[in-house]
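Visitor: The following file, work27.txt, comprises compact mmCIF, C-alpha atoms and all ligand atoms:
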```txt
# COMPACT_ATOMS: atom_id res chain seq x y z
CA MET T 1 -18.32 40.60 -147.43
CA GLN T 2 -16.38 40.97 -144.24
CA GLY T 3 -16.87 40.68 -140.52
CA ILE T 4 -15.55 39.51 -137.18
CA ILE T 5 -15.93 36.01 -135.72
CA ILE T 6 -17.99 36.35 -132.54
CA LYS T 7 -18.71 32.67 -131.86
CA THR T 8 -17.32 29.31 -132.90
CA THR T 9 -18.82 25.90 -132.27
CA GLY T 10 -16.26 23.73 -134.00
CA SER T 11 -17.80 23.56 -137.45
CA TRP T 12 -19.84 26.76 -137.50
CA TYR T 13 -18.55 30.29 -137.30
CA TYR T 14 -20.78 33.24 -136.50
CA VAL T 15 -19.60 36.33 -138.26
CA GLN T 16 -20.81 39.78 -137.33
CA THR T 17 -20.75 42.28 -140.19
CA PRO T 18 -20.01 45.99 -139.69
CA GLU T 19 -23.79 46.57 -140.14
CA GLY T 20 -24.47 44.30 -137.16
CA ALA T 21 -25.91 41.29 -139.02
CA ILE T 22 -24.80 37.87 -137.83
CA VAL T 23 -24.09 35.36 -140.59
CA ASP T 24 -23.56 31.63 -139.96
CA CYS T 25 -20.50 30.60 -141.91
CA LYS T 26 -18.56 27.50 -142.84
CA ILE T 27 -14.98 27.45 -143.91
CA LYS T 28 -13.84 26.90 -147.44
CA GLY T 29 -12.79 23.26 -147.79
CA ASN T 30 -9.12 23.68 -148.60
CA PHE T 31 -8.60 26.32 -145.91
CA ARG T 32 -7.11 23.99 -143.35
CA LEU T 33 -4.40 22.85 -145.71
CA LYS T 34 -2.78 26.24 -145.88
CA GLY T 35 0.23 26.91 -143.69
CA ILE T 36 -0.22 26.94 -139.94
CA LYS T 37 -0.60 23.71 -138.05
CA THR T 38 -3.57 24.60 -135.91
CA THR T 39 -6.58 22.51 -135.06
CA ASN T 40 -8.83 25.48 -135.78
CA PRO T 41 -8.11 27.77 -138.71
CA VAL T 42 -10.00 30.75 -137.29
CA ALA T 43 -10.96 31.86 -133.78
CA ILE T 44 -13.14 34.45 -132.10
CA GLY T 45 -11.82 37.91 -132.80
CA ASP T 46 -10.61 37.01 -136.27
CA HIS T 47 -11.47 39.41 -139.06
CA VAL T 48 -12.61 37.40 -142.06
CA PHE T 49 -13.87 37.71 -145.59
CA PHE T 50 -16.76 35.52 -146.71
CA ASN T 51 -19.08 34.90 -149.64
CA LYS T 52 -22.81 34.39 -149.33
CA GLU T 53 -25.10 33.62 -152.21
CA VAL T 54 -28.57 35.17 -151.92
CA ASN T 55 -30.27 31.78 -152.03
CA GLU T 56 -27.85 30.19 -149.55
CA ALA T 57 -28.53 29.93 -145.81
CA HIS T 58 -24.92 30.30 -144.81
CA GLY T 59 -21.74 31.97 -145.91
CA VAL T 60 -18.32 30.59 -146.75
CA ILE T 61 -15.20 32.10 -145.21
CA TYR T 62 -12.37 32.30 -147.74
CA GLU T 63 -9.80 34.60 -146.13
CA ILE T 64 -8.60 35.78 -142.71
CA GLU T 65 -6.93 39.09 -142.10
CA THR T 66 -3.49 39.01 -140.50
CA ARG T 67 -3.86 38.89 -136.72
CA ARG T 68 -2.50 41.64 -134.50
CA ASN T 69 -2.11 39.07 -131.75
CA CYS T 70 -3.56 35.77 -130.67
CA ILE T 71 -3.55 33.41 -127.74
CA ILE T 72 -2.56 29.87 -128.63
CA ARG T 73 -2.84 26.69 -126.64
CA LYS T 74 -0.24 24.13 -127.55
CA SER T 75 -1.61 20.64 -127.57
CA VAL T 76 0.02 18.11 -125.28
CA ASN T 77 -0.33 15.19 -127.67
CA LEU T 78 2.13 14.11 -130.31
CA SER T 79 0.45 15.87 -133.21
CA LYS T 80 2.26 19.08 -132.14
CA GLN T 81 -0.78 21.00 -133.25
CA SER T 82 -1.91 24.11 -131.49
CA HIS T 83 -5.31 25.60 -130.92
CA ILE T 84 -6.05 29.30 -131.35
CA LEU T 85 -8.17 30.48 -128.42
CA ALA T 86 -8.75 34.09 -129.42
CA ALA T 87 -7.39 36.68 -131.82
CA ASN T 88 -7.08 40.45 -132.01
CA ILE T 89 -7.46 41.17 -128.31
CA ASP T 90 -7.32 44.88 -127.58
CA GLU T 91 -6.87 44.61 -123.84
CA ALA T 92 -6.38 41.87 -121.27
CA PHE T 93 -7.55 42.91 -117.82
CA LEU T 94 -6.10 40.99 -114.93
CA VAL T 95 -8.50 41.23 -112.01
CA VAL T 96 -6.72 40.84 -108.69
CA SER T 97 -7.54 41.33 -105.04
CA LEU T 98 -5.24 42.12 -102.13
CA TYR T 99 -7.65 40.64 -99.61
CA GLN T 100 -9.90 37.59 -99.56
CA PRO T 101 -8.27 36.17 -101.62
CA ARG T 102 -4.89 37.84 -101.88
CA THR T 103 -3.48 37.49 -105.39
CA PRO T 104 0.25 36.75 -105.12
CA GLN T 105 2.49 39.19 -106.96
CA GLY T 106 4.17 36.32 -108.79
CA PHE T 107 0.81 35.53 -110.31
CA MET T 108 0.42 39.10 -111.59
CA ASP T 109 3.94 39.15 -113.02
CA ARG T 110 3.51 35.82 -114.74
CA PHE T 111 0.28 37.00 -116.35
CA ILE T 112 1.90 40.24 -117.47
CA LEU T 113 4.86 38.33 -118.89
CA THR T 114 2.60 36.04 -120.89
CA ALA T 115 0.50 38.92 -122.18
CA GLU T 116 3.69 40.69 -123.29
CA ALA T 117 4.81 37.54 -125.08
CA TYR T 118 1.48 37.38 -126.90
CA HIS T 119 1.65 41.12 -127.70
CA VAL T 120 -1.59 41.70 -125.84
CA PRO T 121 -1.80 45.01 -123.96
CA VAL T 122 -2.48 44.34 -120.29
CA SER T 123 -3.96 46.35 -117.42
CA LEU T 124 -4.50 45.51 -113.76
CA ILE T 125 -7.75 45.87 -111.85
CA PHE T 126 -7.50 45.85 -108.07
CA ASN T 127 -10.95 44.83 -106.88
CA LYS T 128 -12.56 44.62 -103.39
CA VAL T 129 -10.98 47.89 -102.32
CA ASP T 130 -13.87 48.30 -99.87
CA LEU T 131 -12.31 45.49 -97.79
CA TYR T 132 -8.77 46.87 -97.59
CA ASP T 133 -7.44 48.08 -94.24
CA ALA T 134 -4.73 50.75 -93.91
CA ASP T 135 -1.86 48.26 -94.42
CA THR T 136 -3.50 46.76 -97.48
CA LEU T 137 -4.14 50.21 -98.92
CA ALA T 138 -0.46 51.00 -98.40
CA LEU T 139 0.47 47.82 -100.27
CA LEU T 140 -1.99 48.76 -103.00
CA ASN T 141 -0.20 52.08 -103.44
CA VAL T 142 3.17 50.38 -103.74
CA TYR T 143 1.81 48.08 -106.44
CA ILE T 144 0.14 50.91 -108.34
CA GLN T 145 3.33 52.95 -108.39
CA MET T 146 5.42 49.93 -109.29
CA TYR T 147 3.24 48.86 -112.21
CA GLN T 148 2.40 52.32 -113.50
CA ALA T 149 6.10 53.19 -113.59
CA ILE T 150 6.66 50.41 -116.11
CA GLY T 151 3.65 51.29 -118.24
CA TYR T 152 0.74 49.21 -116.97
CA ARG T 153 -2.52 50.96 -116.26
CA CYS T 154 -3.98 50.20 -112.85
CA TYR T 155 -7.63 50.50 -111.85
CA VAL T 156 -8.97 50.34 -108.32
CA CYS T 157 -12.58 49.36 -107.76
CA SER T 158 -15.22 47.65 -105.72
CA ALA T 159 -17.69 45.59 -107.71
CA THR T 160 -20.13 45.32 -104.83
CA GLU T 161 -19.94 49.00 -103.82
CA LYS T 162 -19.95 50.11 -107.49
CA GLN T 163 -16.85 52.21 -107.02
CA GLY T 164 -14.29 52.97 -109.69
CA LEU T 165 -16.32 51.47 -112.52
CA THR T 166 -16.50 54.43 -114.89
CA SER T 167 -12.82 54.52 -115.76
CA ILE T 168 -12.84 50.78 -116.45
CA GLN T 169 -15.90 51.13 -118.70
CA THR T 170 -14.17 53.93 -120.56
CA ALA T 171 -11.08 51.76 -121.03
CA MET T 172 -13.18 48.87 -122.36
CA GLN T 173 -15.40 50.90 -124.64
CA ASN T 174 -15.35 49.84 -128.30
CA LYS T 175 -12.58 47.36 -127.63
CA VAL T 176 -12.27 43.59 -127.57
CA ASN T 177 -11.55 42.82 -123.93
CA LEU T 178 -10.44 39.75 -122.05
CA PHE T 179 -10.88 39.34 -118.28
CA SER T 180 -8.80 36.95 -116.27
CA GLY T 181 -7.82 36.43 -112.66
CA ASN T 182 -7.69 33.88 -109.91
CA SER T 183 -10.86 32.40 -108.55
CA GLY T 184 -12.79 34.51 -106.05
CA VAL T 185 -11.33 37.92 -106.88
CA GLY T 186 -14.73 39.05 -108.17
CA LYS T 187 -14.57 38.77 -111.97
CA SER T 188 -18.22 37.79 -112.37
CA ALA T 189 -19.38 40.41 -109.89
CA LEU T 190 -17.24 43.02 -111.62
CA ILE T 191 -18.34 42.19 -115.17
CA ASN T 192 -21.99 42.33 -114.12
CA ALA T 193 -21.40 45.64 -112.36
CA LEU T 194 -19.66 47.03 -115.45
CA ASP T 195 -22.43 45.85 -117.76
CA PRO T 196 -25.60 44.71 -115.96
CA SER T 197 -27.07 43.57 -119.30
CA LEU T 198 -24.72 40.57 -119.28
CA HIS T 199 -26.13 38.69 -116.24
CA ILE T 200 -23.10 36.50 -115.86
CA LYS T 201 -23.42 33.93 -113.12
CA THR T 202 -20.44 33.09 -110.98
CA GLY T 203 -18.30 30.62 -112.82
CA ASN T 204 -20.32 31.06 -115.98
CA ILE T 205 -17.71 32.58 -118.18
CA SER T 206 -15.26 29.84 -118.96
CA THR T 207 -12.27 31.95 -118.02
CA TYR T 208 -13.53 31.73 -114.47
CA HIS T 209 -14.04 28.01 -114.40
CA ASN T 210 -12.25 25.96 -111.85
CA LYS T 211 -10.21 23.08 -113.09
CA GLY T 212 -12.30 19.98 -113.50
CA LYS T 213 -15.58 21.83 -113.81
CA HIS T 214 -17.53 21.28 -116.96
CA THR T 215 -16.72 24.04 -119.36
CA THR T 216 -18.59 25.22 -122.39
CA THR T 217 -16.98 24.17 -125.63
CA PHE T 218 -18.01 27.34 -127.40
CA ALA T 219 -15.84 30.37 -127.59
CA GLU T 220 -17.86 33.55 -127.69
CA MET T 221 -17.61 37.33 -127.64
CA HIS T 222 -20.38 39.03 -125.65
CA PRO T 223 -21.26 42.51 -126.90
CA LEU T 224 -21.07 45.24 -124.24
CA SER T 225 -24.00 47.60 -123.87
CA PHE T 226 -21.61 50.58 -123.98
CA GLY T 227 -19.75 49.31 -127.09
CA GLY T 228 -17.12 46.65 -127.57
CA TYR T 229 -16.93 43.04 -126.51
CA ILE T 230 -15.86 40.78 -123.72
CA MET T 231 -14.34 37.48 -124.77
CA ASP T 232 -15.34 34.17 -123.25
CA THR T 233 -12.90 31.49 -124.26
CA PRO T 234 -12.61 27.99 -122.86
CA GLY T 235 -9.06 27.07 -122.04
CA ILE T 236 -7.87 30.55 -121.27
CA ARG T 237 -6.21 29.10 -118.18
CA GLU T 238 -3.41 28.12 -120.51
CA PHE T 239 -2.61 31.80 -120.70
CA GLY T 240 -0.15 31.28 -117.88
CA MET T 241 1.49 28.16 -119.17
CA VAL T 242 3.85 29.37 -121.83
CA ALA T 243 7.42 28.19 -121.38
CA PHE T 244 10.00 30.93 -121.77
CA THR T 245 13.70 30.92 -122.38
CA THR T 246 15.86 33.00 -120.03
CA GLU T 247 16.37 35.56 -122.75
CA GLU T 248 12.66 35.92 -123.40
CA VAL T 249 11.85 36.52 -119.75
CA SER T 250 13.94 39.67 -119.54
CA LEU T 251 12.69 40.71 -122.96
CA TYR T 252 9.13 40.71 -121.63
CA PHE T 253 9.98 42.68 -118.49
CA PRO T 254 9.65 46.14 -120.02
CA GLU T 255 11.89 47.77 -117.41
CA MET T 256 14.70 45.34 -118.37
CA ARG T 257 14.25 45.27 -122.11
CA HIS T 258 16.20 48.44 -122.87
CA LEU T 259 18.92 47.93 -120.26
CA LYS T 260 20.03 44.49 -121.39
CA ALA T 261 22.26 45.91 -124.08
CA HIS T 262 24.40 47.53 -121.38
CA CYS T 263 25.29 44.29 -119.61
CA GLN T 264 28.91 43.22 -120.04
CA PHE T 265 27.97 39.83 -121.43
CA ASN T 266 25.46 39.68 -124.21
CA ASN T 267 24.18 36.36 -122.87
CA CYS T 268 23.83 37.85 -119.37
CA THR T 269 21.03 36.25 -117.36
CA HIS T 270 21.14 39.13 -114.83
CA VAL T 271 21.54 36.70 -111.93
CA HIS T 272 25.23 36.31 -111.01
CA GLU T 273 27.20 37.96 -113.84
CA PRO T 274 29.56 40.88 -113.14
CA ARG T 275 28.82 44.31 -114.58
CA CYS T 276 25.18 43.58 -115.13
CA ALA T 277 23.11 46.64 -116.02
CA ILE T 278 19.96 45.07 -114.61
CA LYS T 279 21.45 44.31 -111.18
CA GLN T 280 22.90 47.80 -111.11
CA ALA T 281 19.48 49.28 -111.89
CA VAL T 282 17.99 47.26 -109.03
CA GLU T 283 20.64 48.62 -106.67
CA GLU T 284 19.92 52.15 -107.86
CA ASN T 285 16.18 51.58 -107.37
CA LYS T 286 15.49 52.07 -111.06
CA ILE T 287 14.06 48.58 -111.18
CA HIS T 288 11.71 47.68 -108.36
CA PRO T 289 13.28 44.96 -106.15
CA TRP T 290 9.95 43.09 -106.02
CA ARG T 291 9.86 42.86 -109.79
CA TYR T 292 13.45 41.65 -109.87
CA LYS T 293 12.54 39.04 -107.27
CA SER T 294 9.69 37.89 -109.51
CA TYR T 295 12.08 37.75 -112.45
CA LEU T 296 14.43 35.46 -110.50
CA ALA T 297 11.53 33.24 -109.39
CA ILE T 298 10.27 32.90 -112.95
CA LEU T 299 13.77 32.02 -114.18
CA LYS T 300 14.16 29.39 -111.51
CA GLY T 301 10.87 27.94 -112.62
CA GLU T 302 9.31 28.49 -109.24
CA GLU T 303 5.55 28.22 -109.35
CA VAL T 304 5.92 26.62 -112.75
CA GLU T 305 3.44 23.98 -111.73
CA THR T 306 0.87 26.71 -111.09
CA PRO T 307 -1.96 25.71 -113.41
CA GLY T 308 -2.19 29.00 -115.18
CA LEU T 309 -3.81 32.14 -114.04
CA ILE T 310 -7.28 31.22 -113.09
CA GLU T 311 -6.50 29.19 -110.07
CA ASN T 312 -4.40 30.26 -107.21
CA LYS T 313 -2.65 27.27 -105.71
CA GLN T 314 -2.36 28.74 -102.26
CA ASP T 315 -6.07 29.39 -102.20
CA ALA T 316 -6.90 26.02 -103.68
CA LYS T 317 -5.01 24.30 -100.90
CA LYS T 318 -6.99 26.01 -98.16
P1 LIG T 401 -14.85 35.21 -109.49
O1 LIG T 401 -14.54 33.81 -109.05
O2 LIG T 401 -13.59 35.97 -109.77
O3 LIG T 401 -15.82 35.30 -110.62
O4 LIG T 401 -15.49 35.94 -108.22
P2 LIG T 401 -17.03 36.30 -107.92
O5 LIG T 401 -17.51 37.38 -108.81
O6 LIG T 401 -17.80 35.06 -107.87
O7 LIG T 401 -16.86 36.90 -106.45
C1 LIG T 401 -16.40 36.13 -105.37
C2 LIG T 401 -16.96 36.71 -104.08
O8 LIG T 401 -16.40 37.99 -103.83
C3 LIG T 401 -18.47 36.88 -104.11
O9 LIG T 401 -19.00 36.55 -102.84
C4 LIG T 401 -18.64 38.36 -104.38
O10 LIG T 401 -19.84 38.90 -103.85
C5 LIG T 401 -17.43 38.94 -103.66
N1 LIG T 401 -17.00 40.22 -104.25
C6 LIG T 401 -16.78 40.47 -105.55
N2 LIG T 401 -16.37 41.75 -105.71
C7 LIG T 401 -16.35 42.32 -104.48
C8 LIG T 401 -16.00 43.62 -103.99
O11 LIG T 401 -15.62 44.53 -104.72
N3 LIG T 401 -16.08 43.81 -102.64
C9 LIG T 401 -16.48 42.82 -101.79
N4 LIG T 401 -16.53 43.10 -100.48
N5 LIG T 401 -16.80 41.59 -102.22
C10 LIG T 401 -16.73 41.33 -103.54
ZN ZN T 402 22.66 41.52 -116.98
```
Output the file's structure in the form of structure tokens.

Guide:
Amino acid sequence: MQGIIIKTTGSWYYVQTPEGAIVDCKIKGNFRLKGIKTTNPVAIGDHVFFNKEVNEAHGVIYEIETRRNCIIRKSVNLSKQSHILAANIDEAFLVVSLYQPRTPQGFMDRFILTAEAYHVPVSLIFNKVDLYDADTLALLNVYIQMYQAIGYRCYVCSATEKQGLTSIQTAMQNKVNLFSGNSGVGKSALINALDPSLHIKTGNISTYHNKGKHTTTFAEMHPLSFGGYIMDTPGIREFGMVAFTTEEVSLYFPEMRHLKAHCQFNNCTHVHEPRCAIKQAVEENKIHPWRYKSYLAILKGEEVETPGLIENKQDAKK
């Protein structure tokens, strides 16, 4: 039999079959020994095969399908083990706001970079549009054009005014979705507006938890009333904490990826080198100067101490 892992508790795995049944499963004993050094062999979103005897109360997982992508948290201790937070994510939505609180652009670019590195498709949701004045709306338009030009879908909405929700619902439908964003941008309000059957309280989904708050230890996928899932994974803050080499950073800026080959030096960092195709593209306005600025900041390791994507340091300091 086969299915998808929709909840893990550490030793138990809840597998949903294509027919909709949920089967409690354990993992075959020798599973952990195989290959990858992870603390958990399977995670929510994994497609698995399992056996279940008619007279048995639970099933036994014996195989996982190859993952399309996954988000991994590297452990800080000496064991060098890593923990898989979630697998097979169809779309990561970064919820941002340009007012109360204002999400810094560096935060958006860092999230996008990490999602690219994990091979997770990413879209941006600009929430609280009902609060934007003329200047903020002008900024919104610059961002939309900038991000759409490099292939990221942008949605504009107001969770409280129930505006712009339909296109987001359509994008989420029948997919495995992940929502992230800095505290206060309206993730809980938005998720409840998108699917009122979820009744998520502020701070209830672990992705929204502030540092230090007690978090649930269970990873879970909540089914959406209109089809698909929303993932709730403790530790998703780590999403923003991947360390990149200089080469990787430009690789994960899609507008730079294809130009790199035209730089004079093949180890060009696109900062100070002569005959750099990236710098030339910035001068010719083919690469947005704000994105290039973000690239330089990421290279320099600025904001590196930012604890991931859920918290916004500037806001936290207030
Ligand atoms: P989270 O921390 O990202 O989950 O944010 P919440 O969902 O808790 O929202 C934070 C605050 O922003 C709450 O007071 C919400 O009512 C408010 N809020 C959320 N979305 C909107 C919106 O679209 N417009 C306005 N004006 N307020 C919003
Ligand atoms: Zn270059």

Visitor: For the contact check between chain T and ligand ZN 402 (chain T), emit one row per residue of chain T within 7 Å, containing the shortest atom pair and the distance in Å rounded to one decimal, counting all atoms listed in the file, chain then rising number order, as CSV.

Guide:
```
residue,atom,partner,partner_atom,distance
T:Lys260,CA,T:ZN402,ZN,5.9
T:Cys263,CA,T:ZN402,ZN,4.6
T:Cys268,CA,T:ZN402,ZN,4.5
T:Thr269,CA,T:ZN402,ZN,5.5
T:His270,CA,T:ZN402,ZN,3.6
T:Glu273,CA,T:ZN402,ZN,6.6
T:Cys276,CA,T:ZN402,ZN,3.7
T:Ala277,CA,T:ZN402,ZN,5.2
T:Ile278,CA,T:ZN402,ZN,5.1
T:Lys279,CA,T:ZN402,ZN,6.5
```

Visitor: I'd like a table as CSV: residues in chain T with an atom no more than 7 Å from ligand LIG 401 (chain T), each row giving the shortest atom pair and its distance in Å to one decimal, all atoms listed in the file counted, sorted by chain and rising residue number.

Guide:
```
residue,atom,partner,partner_atom,distance
T:Asn127,CA,T:LIG401,O11,5.2
T:Lys128,CA,T:LIG401,O11,3.3
T:Val129,CA,T:LIG401,O11,6.2
T:Asp130,CA,T:LIG401,N3,5.7
T:Leu131,CA,T:LIG401,N4,5.5
T:Cys157,CA,T:LIG401,O11,6.5
T:Ser158,CA,T:LIG401,O11,3.3
T:Ala159,CA,T:LIG401,O11,3.8
T:Thr160,CA,T:LIG401,C8,4.5
T:Glu161,CA,T:LIG401,O11,6.3
T:Gly181,CA,T:LIG401,O2,6.5
T:Asn182,CA,T:LIG401,O2,6.3
T:Ser183,CA,T:LIG401,O1,4.0
T:Gly184,CA,T:LIG401,O1,3.5
T:Val185,CA,T:LIG401,O2,4.2
T:Gly186,CA,T:LIG401,O4,3.2
T:Lys187,CA,T:LIG401,O2,3.7
T:Ser188,CA,T:LIG401,O5,3.7
T:Ala189,CA,T:LIG401,O5,3.7
T:Leu190,CA,T:LIG401,N2,6.1
T:Thr202,CA,T:LIG401,O6,4.5
T:Gly203,CA,T:LIG401,O3,5.7
T:Tyr208,CA,T:LIG401,O3,5.7
```

Visitor: Could you take the residues named above and write them with C-alpha atoms, as a compact mmCIF listing (two decimals), in the coordinates of the input?

Guide:
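The result, written out as part_17.txt:
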```txt
# COMPACT_ATOMS: atom_id res chain seq x y z
CA ASN T 127 -10.95 44.83 -106.88
CA LYS T 128 -12.56 44.62 -103.39
CA VAL T 129 -10.98 47.89 -102.32
CA ASP T 130 -13.87 48.30 -99.87
CA LEU T 131 -12.31 45.49 -97.79
CA CYS T 157 -12.58 49.36 -107.76
CA SER T 158 -15.22 47.65 -105.72
CA ALA T 159 -17.69 45.59 -107.71
CA THR T 160 -20.13 45.32 -104.83
CA GLU T 161 -19.94 49.00 -103.82
CA GLY T 181 -7.82 36.43 -112.66
CA ASN T 182 -7.69 33.88 -109.91
CA SER T 183 -10.86 32.40 -108.55
CA GLY T 184 -12.79 34.51 -106.05
CA VAL T 185 -11.33 37.92 -106.88
CA GLY T 186 -14.73 39.05 -108.17
CA LYS T 187 -14.57 38.77 -111.97
CA SER T 188 -18.22 37.79 -112.37
CA ALA T 189 -19.38 40.41 -109.89
CA LEU T 190 -17.24 43.02 -111.62
CA THR T 202 -20.44 33.09 -110.98
CA GLY T 203 -18.30 30.62 -112.82
CA TYR T 208 -13.53 31.73 -114.47
```

Visitor: For a test of reading the model, state the distance in Å between CA of Val15 (chain T) and CA of Tyr118 (chain T), rounded to one decimal.

Guide: 24.0 Å

Visitor: Taking 3 positions as the minimum chain separation for residues in the same chain, which residues sit within 12 Å of region 21-31 of chain T when counting only C-alpha atoms? Answer as a PDB file with C-alpha atoms, in the frame of the given file.

Guide:
```
ATOM      1  CA  MET T   1     -18.320  40.600-147.430  1.00  0.00           C
ATOM      2  CA  GLN T   2     -16.380  40.970-144.240  1.00  0.00           C
ATOM      3  CA  GLY T   3     -16.870  40.680-140.520  1.00  0.00           C
ATOM      4  CA  ILE T   4     -15.550  39.510-137.180  1.00  0.00           C
ATOM      5  CA  ILE T   5     -15.930  36.010-135.720  1.00  0.00           C
ATOM      6  CA  ILE T   6     -17.990  36.350-132.540  1.00  0.00           C
ATOM      7  CA  LYS T   7     -18.710  32.670-131.860  1.00  0.00           C
ATOM      8  CA  THR T   8     -17.320  29.310-132.900  1.00  0.00           C
ATOM      9  CA  THR T   9     -18.820  25.900-132.270  1.00  0.00           C
ATOM     10  CA  GLY T  10     -16.260  23.730-134.000  1.00  0.00           C
ATOM     11  CA  SER T  11     -17.800  23.560-137.450  1.00  0.00           C
ATOM     12  CA  TRP T  12     -19.840  26.760-137.500  1.00  0.00           C
ATOM     13  CA  TYR T  13     -18.550  30.290-137.300  1.00  0.00           C
ATOM     14  CA  TYR T  14     -20.780  33.240-136.500  1.00  0.00           C
ATOM     15  CA  VAL T  15     -19.600  36.330-138.260  1.00  0.00           C
ATOM     16  CA  GLN T  16     -20.810  39.780-137.330  1.00  0.00           C
ATOM     17  CA  THR T  17     -20.750  42.280-140.190  1.00  0.00           C
ATOM     18  CA  PRO T  18     -20.010  45.990-139.690  1.00  0.00           C
ATOM     19  CA  LYS T  34      -2.780  26.240-145.880  1.00  0.00           C
ATOM     20  CA  GLY T  35       0.230  26.910-143.690  1.00  0.00           C
ATOM     21  CA  ILE T  36      -0.220  26.940-139.940  1.00  0.00           C
ATOM     22  CA  LYS T  37      -0.600  23.710-138.050  1.00  0.00           C
ATOM     23  CA  THR T  38      -3.570  24.600-135.910  1.00  0.00           C
ATOM     24  CA  THR T  39      -6.580  22.510-135.060  1.00  0.00           C
ATOM     25  CA  ASN T  40      -8.830  25.480-135.780  1.00  0.00           C
ATOM     26  CA  PRO T  41      -8.110  27.770-138.710  1.00  0.00           C
ATOM     27  CA  VAL T  42     -10.000  30.750-137.290  1.00  0.00           C
ATOM     28  CA  ALA T  43     -10.960  31.860-133.780  1.00  0.00           C
ATOM     29  CA  VAL T  48     -12.610  37.400-142.060  1.00  0.00           C
ATOM     30  CA  PHE T  49     -13.870  37.710-145.590  1.00  0.00           C
ATOM     31  CA  PHE T  50     -16.760  35.520-146.710  1.00  0.00           C
ATOM     32  CA  ASN T  51     -19.080  34.900-149.640  1.00  0.00           C
ATOM     33  CA  LYS T  52     -22.810  34.390-149.330  1.00  0.00           C
ATOM     34  CA  GLU T  53     -25.100  33.620-152.210  1.00  0.00           C
ATOM     35  CA  GLU T  56     -27.850  30.190-149.550  1.00  0.00           C
ATOM     36  CA  ALA T  57     -28.530  29.930-145.810  1.00  0.00           C
ATOM     37  CA  HIS T  58     -24.920  30.300-144.810  1.00  0.00           C
ATOM     38  CA  GLY T  59     -21.740  31.970-145.910  1.00  0.00           C
ATOM     39  CA  VAL T  60     -18.320  30.590-146.750  1.00  0.00           C
ATOM     40  CA  ILE T  61     -15.200  32.100-145.210  1.00  0.00           C
ATOM     41  CA  TYR T  62     -12.370  32.300-147.740  1.00  0.00           C
ATOM     42  CA  GLU T  63      -9.800  34.600-146.130  1.00  0.00           C
ATOM     43  CA  ILE T  64      -8.600  35.780-142.710  1.00  0.00           C
TER      44      ILE T  64
END
```

Visitor: May I ask which of the residues T:Ile112, T:Leu296, T:Ile230, T:Leu139 is the closest one to Val176 (chain T), counting all atoms listed in the file?

Guide: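 Between T:Ile112, T:Leu296, T:Ile230, T:Leu139, the residue approaching Val176 (chain T) most closely is T:Ile230.
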
Visitor: Can you tell me how far CA of Gln264 (chain T) sits from CA of Ala117 (chain T), in Å to one decimal?

Guide: 25.3 Å

Visitor: Just checking: using only C-alpha atoms, which residue out of T:Ile84, T:Leu251, T:Ile191, T:Val122 ends up closest to Ser225 (chain T)?

Guide: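 With only C-alpha atoms as the atom set, the closest residue is T:Ile191.
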
Visitor: If I put a ball of radius 12 Å at (-2.7, 35.2, -125.9) in the file's coordinates, which residues poke into it when counting only C-alpha atoms, written as a tab-separated table (two decimals) with C-alpha atoms, in the frame of the given file?

Guide:
```tsv
chain	number	residue	atom	x	y	z
T	43	ALA	CA	-10.96	31.86	-133.78
T	45	GLY	CA	-11.82	37.91	-132.80
T	67	ARG	CA	-3.86	38.89	-136.72
T	68	ARG	CA	-2.50	41.64	-134.50
T	69	ASN	CA	-2.11	39.07	-131.75
T	70	CYS	CA	-3.56	35.77	-130.67
T	71	ILE	CA	-3.55	33.41	-127.74
T	72	ILE	CA	-2.56	29.87	-128.63
T	73	ARG	CA	-2.84	26.69	-126.64
T	74	LYS	CA	-0.24	24.13	-127.55
T	83	HIS	CA	-5.31	25.60	-130.92
T	84	ILE	CA	-6.05	29.30	-131.35
T	85	LEU	CA	-8.17	30.48	-128.42
T	86	ALA	CA	-8.75	34.09	-129.42
T	87	ALA	CA	-7.39	36.68	-131.82
T	88	ASN	CA	-7.08	40.45	-132.01
T	89	ILE	CA	-7.46	41.17	-128.31
T	90	ASP	CA	-7.32	44.88	-127.58
T	91	GLU	CA	-6.87	44.61	-123.84
T	92	ALA	CA	-6.38	41.87	-121.27
T	111	PHE	CA	0.28	37.00	-116.35
T	112	ILE	CA	1.90	40.24	-117.47
T	113	LEU	CA	4.86	38.33	-118.89
T	114	THR	CA	2.60	36.04	-120.89
T	115	ALA	CA	0.50	38.92	-122.18
T	116	GLU	CA	3.69	40.69	-123.29
T	117	ALA	CA	4.81	37.54	-125.08
T	118	TYR	CA	1.48	37.38	-126.90
T	119	HIS	CA	1.65	41.12	-127.70
T	120	VAL	CA	-1.59	41.70	-125.84
T	121	PRO	CA	-1.80	45.01	-123.96
T	122	VAL	CA	-2.48	44.34	-120.29
T	177	ASN	CA	-11.55	42.82	-123.93
T	178	LEU	CA	-10.44	39.75	-122.05
T	179	PHE	CA	-10.88	39.34	-118.28
T	180	SER	CA	-8.80	36.95	-116.27
T	231	MET	CA	-14.34	37.48	-124.77
T	233	THR	CA	-12.90	31.49	-124.26
T	235	GLY	CA	-9.06	27.07	-122.04
T	236	ILE	CA	-7.87	30.55	-121.27
T	237	ARG	CA	-6.21	29.10	-118.18
T	238	GLU	CA	-3.41	28.12	-120.51
T	239	PHE	CA	-2.61	31.80	-120.70
T	240	GLY	CA	-0.15	31.28	-117.88
T	241	MET	CA	1.49	28.16	-119.17
T	242	VAL	CA	3.85	29.37	-121.83
```

Visitor: Pick from T:Gly106, T:Pro101, T:Gly20, T:Gly228: nearest to Tyr132 (chain T), with all atoms listed in the file counted?

Guide: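 Residue with the minimum atom-to-atom distance to Tyr132 (chain T): T:Pro101.
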